[in-house]
Structure formats: C-alpha cells, structure tokens
Amino acid sequence: MRIGITCYPTYGGSGVVATELGIELAAQGHEIHFISYSQPFRLNGRDGGLFYHEVPVSSYPLFEFPPYDLALASRMAEVAEFYELDLLHVHYAIPHSVSALLARQMLAAKGRRLPFVTTLHGTDITLVGLDRSYLPITRYAIQESDGVSSISSYLKAKTLEDFGVTRPIEVIPNFVNCDVYQPIRDEAARAEVRRRLAKPDEAILMHLSNFRPVKRVVDVVKVFARVVREVPAQLVLVGDGPDRSSAEWLAHDLQIQDKVHFMGKQERVNELLPLADLMLMPSELESFGLAALEAMACKVPAIATGVGGVPELIDDGETGLLYPVGDVDAMAAGALTLLGDRARLETMREAARKTAQKRFCSTLVIPQYVKYYEQVLAQG
Ligand code: GMT
C-alpha cells in the first residue's frame with residue numbers, strides 16, 4: 001500500500017506512535033509518505049520506503065494566524081496525486097482530520113478516491129476537541145472519516161459520549177517494538193551503565209514526558225522527595241516542556257537537586273529506560289500512557305495514576321501500581337514497598353515485560369492497522 005501519514009512531528013506520544021507505525025509499515029514493504037510541517041523526530045537516519053514532504057506555510061501581513069490546516073490539505077492532495085497514495089492516515093483529529101477531509105474532496109473533484117483514517121489519541125477528544133471553537137468541526141471530520149481508530153476503549157467511549165459520534169470506532173492500542181525496547185539481559189553490563197547515573201546501592205526512578213501540566217511533573221518530584229527520605233535513590237527526568245522549571249524549582253526548594261537529573265529531550269530513550277527500577281507517571285489524564293508501555297517493555301513497572309486508559313495497560317498490583325491523581329503519599333509508599341521487596345519487584349518487572357510482549361508488541365498491533373486499512377479500502 002502507499003500511505004500518507006500526518007502527525008505532530010515534535011515530541012509527543014501521538015507523533016511517536018505515527019512515526020513508529022510508518023517505520024514498521026515501511027519495513028513490511030509499504031510505501032510511507034509523512035506529510036507535516038517538519039520531519040518527525042524519530043525518523044532520522046532511516047530510509048527504504050519512507051518519504052517526508054514538508055508543508056510550507058507562507059505568511060502574509062493580512063494573516064494574523066497563517067492557515068496551516070489549508071496548506072496541509074493542499075499538500076496532502078498534491079502528495080496523494082503525485083505518489084498515487086491509496087489512503088491517508090492522520091494522527092490527532094485537530095486539525096489533521098479536517099485537512100484530510102478537504103484533500104479527499106479536492107481529489108474527488110478530479111475523479112480520484114482518497115479515503116482517510118483518523119486515529120484519536122487523547123486531548124484531541126478530552127480537552128482541545130471539547131472547546132466550543134473546535135467541537136463542531138472536529139465532530140464533523142470524525143464522523144466523515146472513512147475509518148476512525150482510538151488508542152483505548154476509554155477514548156472510544158469518551159468520543160461516543162462527549163461528541164455524540166455515531167459511526168463505528170476501532171480500538172487499536174498503542175504498541176512498542178519489543179526488540180528495540182528491551183531489558184539489558186546481562187546484569188553486569190546493566191550495573192556498569194547504571195553507575196553513570198547512580199551508586200550501586202541507589203534505586204533509579206525515571207519519568208518520561210513532554211512536561212505539560214497534564215503530566216504533573218511536580219508530583220514526580222514530590223513522590224521522589226518522599227522516597228529518597230527513606231532509601232538511597234536518584235531521579236532521572238527525560239523530556240522537556242512548560243513544567244520543567246517548576247519541577248526544577250521544587251527540587252531546589254526541597255534540597256534534593258543533586259539527586260534529580262533533568263536530561264532534556266533524548267532521542268534514544270530505549271537506552272535509558274532499562275536502567276530504571278521504577279517509572280513514575282502521575283498524570284492527571286492519559287488516554288493510554290505510551291511512556292509506561294515503553295518502560296514496561298524494558299522490564300520497568302510504573303507507579304502511575306489509574307486514569308483514562310491506563311488500567312487497560314497496567315494491571316494494578318501485577319504489572320505496576322495505580323493510585324488516585326495527586327496522592328503523592330500513596331505513590332511514594334507504593335514505590336517504597338516495591339523497592340523494599342526485591343522479589344516482588346522482580347516478579348512485577350517480568351510481568352510488565354510479558355504484558356508488553358503478549359499484548360502490545362508491534363508485531364501484534366501493526367497487522368491490526370493493516371487489516372483496518374484493507375477494510376477501509378474495501379468499502380469502495
Ligand atoms: O492528547 C495528547 O495529550 C497528545 C498526545 C501526544 O501527542 O502526546 O498524547 C496522547 O497520545 C499518546 C499516544 O497515543 C497517549 O499515550 C497519551 O496517553 C495521550 N495523552 C493524553 O491522553 C493526555
């Protein structure tokens with residue numbers, strides 16, 4: 001198949017999923033064309049079946065807001081025509097599904113069919129999409145898509161309830177490449193790399209996000225502060241974003257800054273995650289929680305909030321621990337229980353990896369997308 005993929009190309013789960021999907025599909029022999037305002041960050045250095053088309057957005061004194069969605073629709077239609085795309089797959093409904101709808105109409109006027117699939121990821125439904133300025137057009141574009149998938153049953157239910165959407169929605173969960181994200185098997189080698197971050201007797205807690213308010217990064221520091229009072233530990237925070245400075249201030253105020261490491265944006269998170277003992281994901285809301293899945297594939301269970309689609313990923317008490325939003329005392333107590341019971345932690349670590357392999361491995365999930373594309377194309 002020849003597939004056009006549009007996503008937010010910067011740091012963020014939906015862009016990661018879209019890019020990894022494109023890479024996996026290209027590896028299976030499909031031709032993948034990314035259409036976006038910049039090259040998706042995980043696309044670097046790979047080729048073979050992968051193409052990138054930039055969307056130029058020209059400015060004009062009259063435009064207070066340059067219309068990216070229109071430029072995107074034009075580029076989608078052009079790329080579809082020039083490269084004979086079979087379908088478009090857009091990630092995050094706003095504004096991508098609206099642009100795809102326009103591109104489909106533009107090609108229909110030329111007698112050419114261009115179906116599109118919209119994948120719903122999270123705040124496109126739970127936050128931004130609910131804003132009155134976006135709701136009617138987002139609902140319309142979802143309803144009019146040739147196929148719609150959501151990354152969890154939770155998000156599907158929210159879309160049906162809050163948007164009054166009546167069309168079918170396919171649940172296709174997020175996935176991880178279990179060969180790229182895997183534990184370091186050799187304990188001596190793992191200990192050697194860990195020494196760059198912590199002393200041998202210190203636990204490593206990790207957080208990975210885009211540091212937006214929904215991620216509650218300040219809670220990460222609060223949980224860690226309670227943990228490090230009781231056991232030797234280091235906190236590694238991967239990513240960057242608006243709440244980084246508040247988290248840095250808090251680490252200083254609590255005088256734990258020498259144990260809190262802000263690594264910024266990192267390209268190869270698969271090399272960092274296996275070094276952790278525990279992942280901290282105290283989010284206000286997660287429609288799935290891709291960062292926790294990536295950690296689980298590396299044998300790292302998460303201390304997380306039981307919100308949104310997270311319980312579909314983490315089995316509380318078996319593959320991680322779930323708590324109410326903001327309950328930093330309970331999260332710290334949970335982390336301390338696991339760190340103090342190495343046998344239980346090891347069982348949970350094994351179970352986390354097994355869940356990633358058995359339910360969310362790309363080898364299982366990518367065929368679900370391919371089957372869905374075929375279904376959409378067969379609709380005629
Ligand atoms: O909805 C968002 O906040 C954006 C999106 C992103 O690009 O980071 O995150 C969502 O999609 C991820 C990938 O499918 C999920 O793992 C996240 O749980 C989800 N975020 C939220 O629901 C807050």
# chains A, B, ... in the order shown; residues from 1 in each chain; ligands from 1
>>> residues_near_ligand(ligand="ligand 1", cutoff="9 Å", atoms="only C-alpha atoms and all ligand atoms", output="MDAnalysis selection string")
chainID A and resid 7:18 91:92 119:128 150:152 155 173:174 209:210 212 214:215 283:293 308:310
>>> residues_around(residues="range 105-116 of chain A", least_positions_apart="3", cutoff="6 Å", atoms="only C-alpha atoms", output="ChimeraX atom specification")
/A:87-89,102,145-146
>>> write_last_selection(atoms="N, CA, C and O atoms", output="CSV table (one decimal), in the first residue's frame")
chain,number,residue,atom,x,y,z
A,87,LEU,N,-4.3,5.7,0.6
A,87,LEU,CA,-5.1,6.3,1.7
A,87,LEU,C,-4.2,7.2,2.5
A,87,LEU,O,-3.0,7.2,2.5
A,88,LEU,N,-4.9,8.1,3.3
A,88,LEU,CA,-4.2,9.0,4.3
A,88,LEU,C,-4.5,8.4,5.7
A,88,LEU,O,-5.6,8.0,5.9
A,89,HIS,N,-3.5,8.5,6.6
A,89,HIS,CA,-3.8,8.2,8.0
A,89,HIS,C,-3.3,9.3,8.8
A,89,HIS,O,-2.2,9.6,8.9
A,102,LEU,N,-10.7,17.8,3.4
A,102,LEU,CA,-10.6,18.7,2.3
A,102,LEU,C,-9.8,18.1,1.1
A,102,LEU,O,-10.2,18.2,0.0
A,145,SER,N,-14.9,10.7,8.5
A,145,SER,CA,-13.7,9.9,8.2
A,145,SER,C,-14.1,8.6,7.6
A,145,SER,O,-15.1,8.0,8.0
A,146,ASP,N,-13.2,8.0,6.7
A,146,ASP,CA,-13.6,6.7,6.2
A,146,ASP,C,-13.3,5.6,7.2
A,146,ASP,O,-13.9,4.5,7.2
>>> residues_around(residues="range 246-256 of chain A", least_positions_apart="2", cutoff="9 Å", atoms="only C-alpha atoms", output="NGL selection string")
:A and (217-222 or 225 or 228 or 242-244 or 258-260 or 262)
>>> write_last_selection(atoms="N, CA and C atoms", output="mmCIF file, in the first residue's frame")
data_model
loop_
_atom_site.group_PDB
_atom_site.id
_atom_site.type_symbol
_atom_site.label_atom_id
_atom_site.label_comp_id
_atom_site.auth_asym_id
_atom_site.auth_seq_id
_atom_site.Cartn_x
_atom_site.Cartn_y
_atom_site.Cartn_z
ATOM 1 N N VAL A 217 4.389 16.867 36.514
ATOM 2 C CA VAL A 217 5.814 16.588 36.767
ATOM 3 C C VAL A 217 6.207 16.998 38.188
ATOM 4 N N VAL A 218 5.511 18.009 38.713
ATOM 5 C CA VAL A 218 5.802 18.427 40.085
ATOM 6 C C VAL A 218 5.497 17.271 41.056
ATOM 7 N N ASP A 219 4.452 16.500 40.757
ATOM 8 C CA ASP A 219 4.143 15.324 41.592
ATOM 9 C C ASP A 219 5.267 14.287 41.516
ATOM 10 N N VAL A 220 5.920 14.215 40.359
ATOM 11 C CA VAL A 220 7.045 13.277 40.220
ATOM 12 C C VAL A 220 8.112 13.632 41.266
ATOM 13 N N VAL A 221 8.417 14.935 41.355
ATOM 14 C CA VAL A 221 9.452 15.377 42.307
ATOM 15 C C VAL A 221 8.966 15.157 43.744
ATOM 16 N N LYS A 222 7.687 15.417 43.990
ATOM 17 C CA LYS A 222 7.148 15.219 45.343
ATOM 18 C C LYS A 222 7.226 13.748 45.765
ATOM 19 N N ALA A 225 10.834 12.910 46.438
ATOM 20 C CA ALA A 225 11.327 13.506 47.703
ATOM 21 C C ALA A 225 10.963 12.606 48.881
ATOM 22 N N VAL A 228 13.216 9.328 48.617
ATOM 23 C CA VAL A 228 14.655 9.482 48.896
ATOM 24 C C VAL A 228 14.917 9.795 50.381
ATOM 25 N N PRO A 242 6.773 22.856 29.331
ATOM 26 C CA PRO A 242 6.428 24.020 30.144
ATOM 27 C C PRO A 242 6.613 23.848 31.663
ATOM 28 N N ASP A 243 6.449 22.650 32.191
ATOM 29 C CA ASP A 243 6.528 22.488 33.651
ATOM 30 C C ASP A 243 7.914 22.091 34.156
ATOM 31 N N ARG A 244 8.895 22.127 33.294
ATOM 32 C CA ARG A 244 10.230 21.718 33.747
ATOM 33 C C ARG A 244 10.760 22.665 34.818
ATOM 34 N N ASP A 258 20.651 17.646 43.874
ATOM 35 C CA ASP A 258 21.806 16.839 43.462
ATOM 36 C C ASP A 258 21.406 15.402 43.142
ATOM 37 N N LYS A 259 20.174 15.042 43.459
ATOM 38 C CA LYS A 259 19.707 13.676 43.154
ATOM 39 C C LYS A 259 18.649 13.666 42.043
ATOM 40 N N VAL A 260 18.382 14.829 41.497
ATOM 41 C CA VAL A 260 17.346 14.944 40.462
ATOM 42 C C VAL A 260 18.006 15.406 39.159
ATOM 43 N N PHE A 262 17.728 16.330 35.250
ATOM 44 C CA PHE A 262 16.899 16.690 34.097
ATOM 45 C C PHE A 262 17.734 16.462 32.839
#
>>> residues_around(residues="Ser153 in chain A", least_positions_apart="3", cutoff="7 Å", atoms="only C-alpha atoms", output="PyMOL selection string")
chain A and resi 156-157+171
>>> select_by_dssp(residues="range 225-310 of chain A", states="helix (DSSP H, G or I)", output="VMD selection string")
chain A and resid 225 to 230 244 to 253 257 to 259 269 to 275 290 to 297 310
>>> closest_residue(among="A:Val98, A:Cys178, A:Leu130, A:Val55", to="Gln39 in chain A", atoms="only C-alpha atoms")
A:Val55
>>> residues_around(residues="Arg349 in chain A", least_positions_apart="5", cutoff="8 Å", atoms="only C-alpha atoms", output="number ranges by chain")
A: 296, 299-301, 319
>>> residues_around(residues="Ala297 in chain A", least_positions_apart="5", cutoff="6 Å", atoms="only C-alpha atoms", output="ChimeraX atom specification")
/A:181-182,353,356
>>> write_last_selection(atoms="C-alpha atoms", output="mmCIF file, in the first residue's frame")
data_model
loop_
_atom_site.group_PDB
_atom_site.id
_atom_site.type_symbol
_atom_site.label_atom_id
_atom_site.label_comp_id
_atom_site.auth_asym_id
_atom_site.auth_seq_id
_atom_site.Cartn_x
_atom_site.Cartn_y
_atom_site.Cartn_z
ATOM 1 C CA TYR A 181 12.663 -1.596 23.794
ATOM 2 C CA GLN A 182 14.027 -4.426 25.865
ATOM 3 C CA ARG A 353 7.730 -7.126 30.046
ATOM 4 C CA ALA A 356 4.250 -5.648 26.559
#
>>> select_by_dssp(residues="range 252-361 of chain A", states="strand (DSSP E or B)", output="ChimeraX atom specification")
/A:260-264,278-281,302-305,316,320-323,361
>>> atom_distance(atom1="CA of Tyr37 in chain A", atom2="CA of Arg75 in chain A")
10.3 Å
>>> atom_distance(atom1="CA of Arg2 in chain A", atom2="CA of Arg42 in chain A")
20.2 Å
>>> closest_residue(among="A:Asp179, A:Glu54, A:Pro232, A:Leu313", to="Pro200 in chain A", atoms="only C-alpha atoms")
A:Pro232
>>> atom_distance(atom1="CA of Met281 in chain A", atom2="CA of Thr138 in chain A")
28.8 Å
